[in-house]
Amino acid sequence: MSMVYVNMFLAFIMSLMGLLVYRSHLMSSLLCLEGMMLSLFIMMTVTILNNHFTLASMTPIILLVFAACEAALGLSLLVMVSNTYGTDYVQNLNLLQC
Amino acid sequence: MNLFASFMLTSMFMLLLPIIMSNTQLYKNNLYPHYVKTTISYAFAISMIPAMMFVSSGQETIVSNWHWLSIQTLKLSLSFKLDYFSIIFIPVALFVTWSIMEFSMWYMHTDPYINRFFKYLLMFLITMMILVTANNLFQLFIGWEGVGVMSFLLIGWWYGRADANTAALQAILYNRIGDVGFITAMAWFLANMNAWDFQQIFITQHKNLNIPLLGLLLAATGKSAQFGLHPWLPSAMEGPTPVSALLHSSTMVVAGVFLLIRFHPLMEQNKTMQTLTLCLGAITTLFTAICALTQNDIKKIVAFSTSSQLGLMIVTIGINQPYLAFLHICTHAFFKAMLFMCSGSIIHSLNDEQDIRKMGGLYKPMPFTTSSLIIGSLALTGMPFLTGFYSKDLIIETANTSYTNAWALSVTLIATSLTAAYSTRIMFFALLGQPRFNSLSPINENNPHLINSIKRLLVGSIFAGYLISHNIPPTTIPQMTMPHYLKLTALAMTITGFILALELNLAAKNLKFKYPSNLFKFSNLLGYFPTVMHRLPSTMSLTMSQKSASMLLDMIWLESVLPKSISHFQMKMSTIVSNQKGLVKLYFLSFMITLTLSLLLLSFHE
């Protein structure tokens, strides 16, 4: 596989690690989620352009739309947590009650 | 070429002069009431001349002056119809108004706005004249609305009182419902006969005239307080007594009957309309006579008496006798206005006491008022050869000998005896017995304005019936022969009513019910009609509109069904279903370990 794809893949793995392993702020996992989306987008665009998949050219745009929606959802959850506790520390989410 | 039209138009123009003068100095000094009263007395004298001309030669005139506008094929002009009805009604109305103006110079003497009161009364009279002399429906409608508006202003004269404002508004609303009928008739005539002039309407042949006649009947129901649209008339007693005497006994409330009389050529052929009119008038006269029996306010009893007599006039139209109804209008004006003026005299003398349970024994301190009240009541009940006899007895005779609805006839006869009953009640409680009022009442009747005005109407109550009915040109022929028991029916019912009422009053004089009986409650609360009809329809329609517009659309569909229900459901479910402890970092870590492990294991697999 060419170097570009390996590079992209590594970026994706990095962001995945960042999403799954984080210390205290919920915001950092959201940011890593955005990073994953970004690397996926670039990978998809480069593949399509290199292989002249003209008909699939709209797929990156659709991916962007869905990424935006999920970012909004994630942010609203963050805001709800932050409203209740004042910060977004993960150790706050230990109560069973909403 | 005589001066018939000139005299009549002069007489009506004179009425406009005090209104025109109201911007000048004349309006601001305290001789203005006297000026208005003299103007009306001169107008009466001048209008008697065309009346005499009509009596002697039967001359009628239609005066069309000013072409106002033409809308495509409809020509509207200012036209006055001076025929049998107008020529006789105008002198009667002016005579009664003259007496009432003089009476209100005594009654409203201490009112600071007495000039405005007289101006309003004069404006009412002018609009009534417009109504009576109108030759087309548009001019009639102008007069119709004018009397409604002046009635509103005059009923709410003491506008600081909440009840007076409510009563004025009630009068306007009920009249408005009648106006819908009037406008229906006008629209029908415009669409089908292309005219609003009476001459063209009466000449044009048409098969089915039910719709406009129903509209006119509805208009008469509203204006003349027939059953269904009647509560405004007793409530209108909130106005000062001269207002009650002028508007709500002699002049305004007969406008509805007058409208039906004007359309008598159309009603002659329509049997359905006659039956409807007959039944409506019969139920009105009985119902209001029943309500009058247990009222305690002297003005309300006289108001219900007016309503009952109006029902009698509508019954007369229903048996196809418009001329008799008109005669009853003219004679009724005299004694009813006098009854109101005597009540006003009693009320003022007892320091504004209107409850008959607190009057009594007035026959010694107020002899003149007593005698005029008694003569007025006798004229009302149709005592032979007083005024009321000439119209009322003829009506009962004609009803008895005509081929008519038996229920309506018997109901009218019962109402005749009830008339005598409540008249006896007024006389018994207000005039006879021992005094039940405070001792320091300013009882006097030595003011010449009061005495002269009541005296004039007293003479009218005694002689006017004879004078009018012997001088008018012959119209429909009254029934000349009938069995003697039919001839004496009206008299017998009246005497029965008198005797029964007197016996009951004397027997139960100092007794009291522990609990009022159902019949008493029905009669005292006006048949529960205002209680039900003023509250139930309004509550229902307001509640229904609030439920459908606000609750249904806004709060249920737009708020509750999707957004609120989804959030509520989600929260409930998540609290029920979740059994996690919230160790998010551990979960993510395990996820990563699973991923790495699976990658390592699967990459070394062949």
# chains A, B, ... in the order shown; residues from 1 in each chain; ligands from 1
>>> closest_atom_pairs(of="segment 356-450 of chain B", to="segment 332-340 of chain B", cutoff="9 Å", atoms="only C-alpha atoms", output="Markdown table")
| residue | atom | partner | partner_atom | distance |
| --- | --- | --- | --- | --- |
| B:Ser372 | CA | B:Met338 | CA | 7.6 |
| B:Leu373 | CA | B:Leu339 | CA | 5.9 |
| B:Ile374 | CA | B:Leu339 | CA | 8.9 |
| B:Ile375 | CA | B:Phe335 | CA | 8.4 |
| B:Gly376 | CA | B:Phe335 | CA | 5.1 |
| B:Ser377 | CA | B:Leu339 | CA | 7.4 |
| B:Ala379 | CA | B:Phe335 | CA | 6.6 |
| B:Leu380 | CA | B:Phe335 | CA | 6.6 |
| B:Thr387 | CA | B:Phe335 | CA | 8.0 |
| B:Gly388 | CA | B:His332 | CA | 6.8 |
| B:Ser391 | CA | B:His332 | CA | 8.7 |
>>> residues_around(residues="Phe9 of chain A", least_positions_apart="3", cutoff="9 Å", atoms="only C-alpha atoms", output="number ranges by chain")
A: 4-6, 12-14, 39-40, 43
>>> select_by_dssp(residues="segment 399-501 of chain B", states="alpha helix (DSSP H)", output="VMD selection string")
chain B and resid 399 to 400 406 to 431 448 to 471 484 to 487 489 to 501
>>> closest_residue(among="B:Leu486, B:Ile201, B:Leu536, B:Val577", to="chain A", atoms="only C-alpha atoms")
B:Val577
>>> residues_around(residues="Val90 of chain A", least_positions_apart="4", cutoff="7 Å", atoms="only C-alpha atoms", output="PyMOL selection string")
chain A and resi 24-26
>>> closest_atom_pairs(of="segment 459-555 of chain B", to="segment 54-65 of chain B", cutoff="12 Å", atoms="only C-alpha atoms", output="Markdown table")
| residue | atom | partner | partner_atom | distance |
| --- | --- | --- | --- | --- |
| B:Leu467 | CA | B:Val55 | CA | 11.5 |
| B:Ile468 | CA | B:Val55 | CA | 9.9 |
| B:Ser469 | CA | B:Val55 | CA | 11.0 |
| B:His470 | CA | B:Val55 | CA | 10.0 |
| B:Asn471 | CA | B:Val55 | CA | 6.3 |
| B:Ile472 | CA | B:Val55 | CA | 6.0 |
| B:Pro473 | CA | B:Val55 | CA | 6.5 |
| B:Pro474 | CA | B:Gly58 | CA | 10.1 |
| B:Thr475 | CA | B:Gly58 | CA | 11.5 |
>>> residues_around(residues="segment 501-512 of chain B", least_positions_apart="6", cutoff="8 Å", atoms="only C-alpha atoms", output="list of chain:residue names")
B:Ala420, B:Ala421, B:Tyr422, B:Thr424, B:Arg425, B:Phe428
>>> closest_atom_pairs(of="chain B", to="chain A", cutoff="12 Å", atoms="only C-alpha atoms", output="tab-separated table")
residue	atom	partner	partner_atom	distance
B:Gln570	CA	A:Cys98	CA	11.3
B:Met571	CA	A:Cys98	CA	8.2
B:Lys572	CA	A:Cys98	CA	10.2
B:Met573	CA	A:Cys98	CA	11.5
B:Ser574	CA	A:Cys98	CA	8.6
B:Thr575	CA	A:Gln97	CA	7.0
B:Ile576	CA	A:Gln97	CA	10.3
B:Val577	CA	A:Leu96	CA	10.8
B:Ser578	CA	A:Leu96	CA	7.8
B:Asn579	CA	A:Leu96	CA	7.5
B:Gln580	CA	A:Leu96	CA	7.1
B:Lys581	CA	A:Asn94	CA	5.9
B:Gly582	CA	A:Asn94	CA	4.5
B:Leu583	CA	A:Asn94	CA	6.5
B:Val584	CA	A:Val90	CA	7.1
B:Lys585	CA	A:Val21	CA	7.0
B:Leu586	CA	A:Val21	CA	8.8
B:Tyr587	CA	A:Leu20	CA	8.4
B:Phe588	CA	A:Leu20	CA	4.6
B:Leu589	CA	A:Leu20	CA	5.7
B:Ser590	CA	A:Leu20	CA	8.5
B:Phe591	CA	A:Leu20	CA	7.1
B:Met592	CA	A:Leu20	CA	6.1
B:Ile593	CA	A:Leu20	CA	9.5
B:Thr594	CA	A:Leu20	CA	11.2
B:Leu595	CA	A:Met17	CA	10.2
B:Thr596	CA	A:Met17	CA	10.2
>>> closest_residue(among="B:Met533, B:Leu209, B:Leu153, B:Ile203", to="His230 of chain B", atoms="only C-alpha atoms")
B:Met533
>>> atom_distance(atom1="atom CA of Leu15 of chain B", atom2="atom CA of Phe141 of chain B")
19.9 Å
>>> residues_around(residues="Ile172 of chain B", least_positions_apart="6", cutoff="9 Å", atoms="only C-alpha atoms", output="CSV table (one decimal) with C-alpha atoms, in the first residue's frame")
chain,number,residue,atom,x,y,z
B,148,GLY,CA,-81.7,52.3,18.7
B,149,VAL,CA,-78.7,54.6,19.2
B,151,SER,CA,-82.2,54.5,23.3
B,152,PHE,CA,-78.7,53.4,24.1
B,232,TRP,CA,-84.0,44.2,27.1
>>> residues_around(residues="segment 56-59 of chain A", least_positions_apart="3", cutoff="12 Å", atoms="only C-alpha atoms", output="list of chain:residue names")
A:Leu40, A:Phe41, A:Ile42, A:Met43, A:Met44, A:Thr45, A:Val46, A:Thr47, A:Ile48, A:Leu49, A:Asn50, A:Asn51, A:His52, A:Phe53, A:Ile62, A:Leu63, A:Leu64, A:Val65, A:Phe66
>>> residues_around(residues="Leu324 of chain B", least_positions_apart="3", cutoff="8 Å", atoms="only C-alpha atoms", output="count of residues only")
7
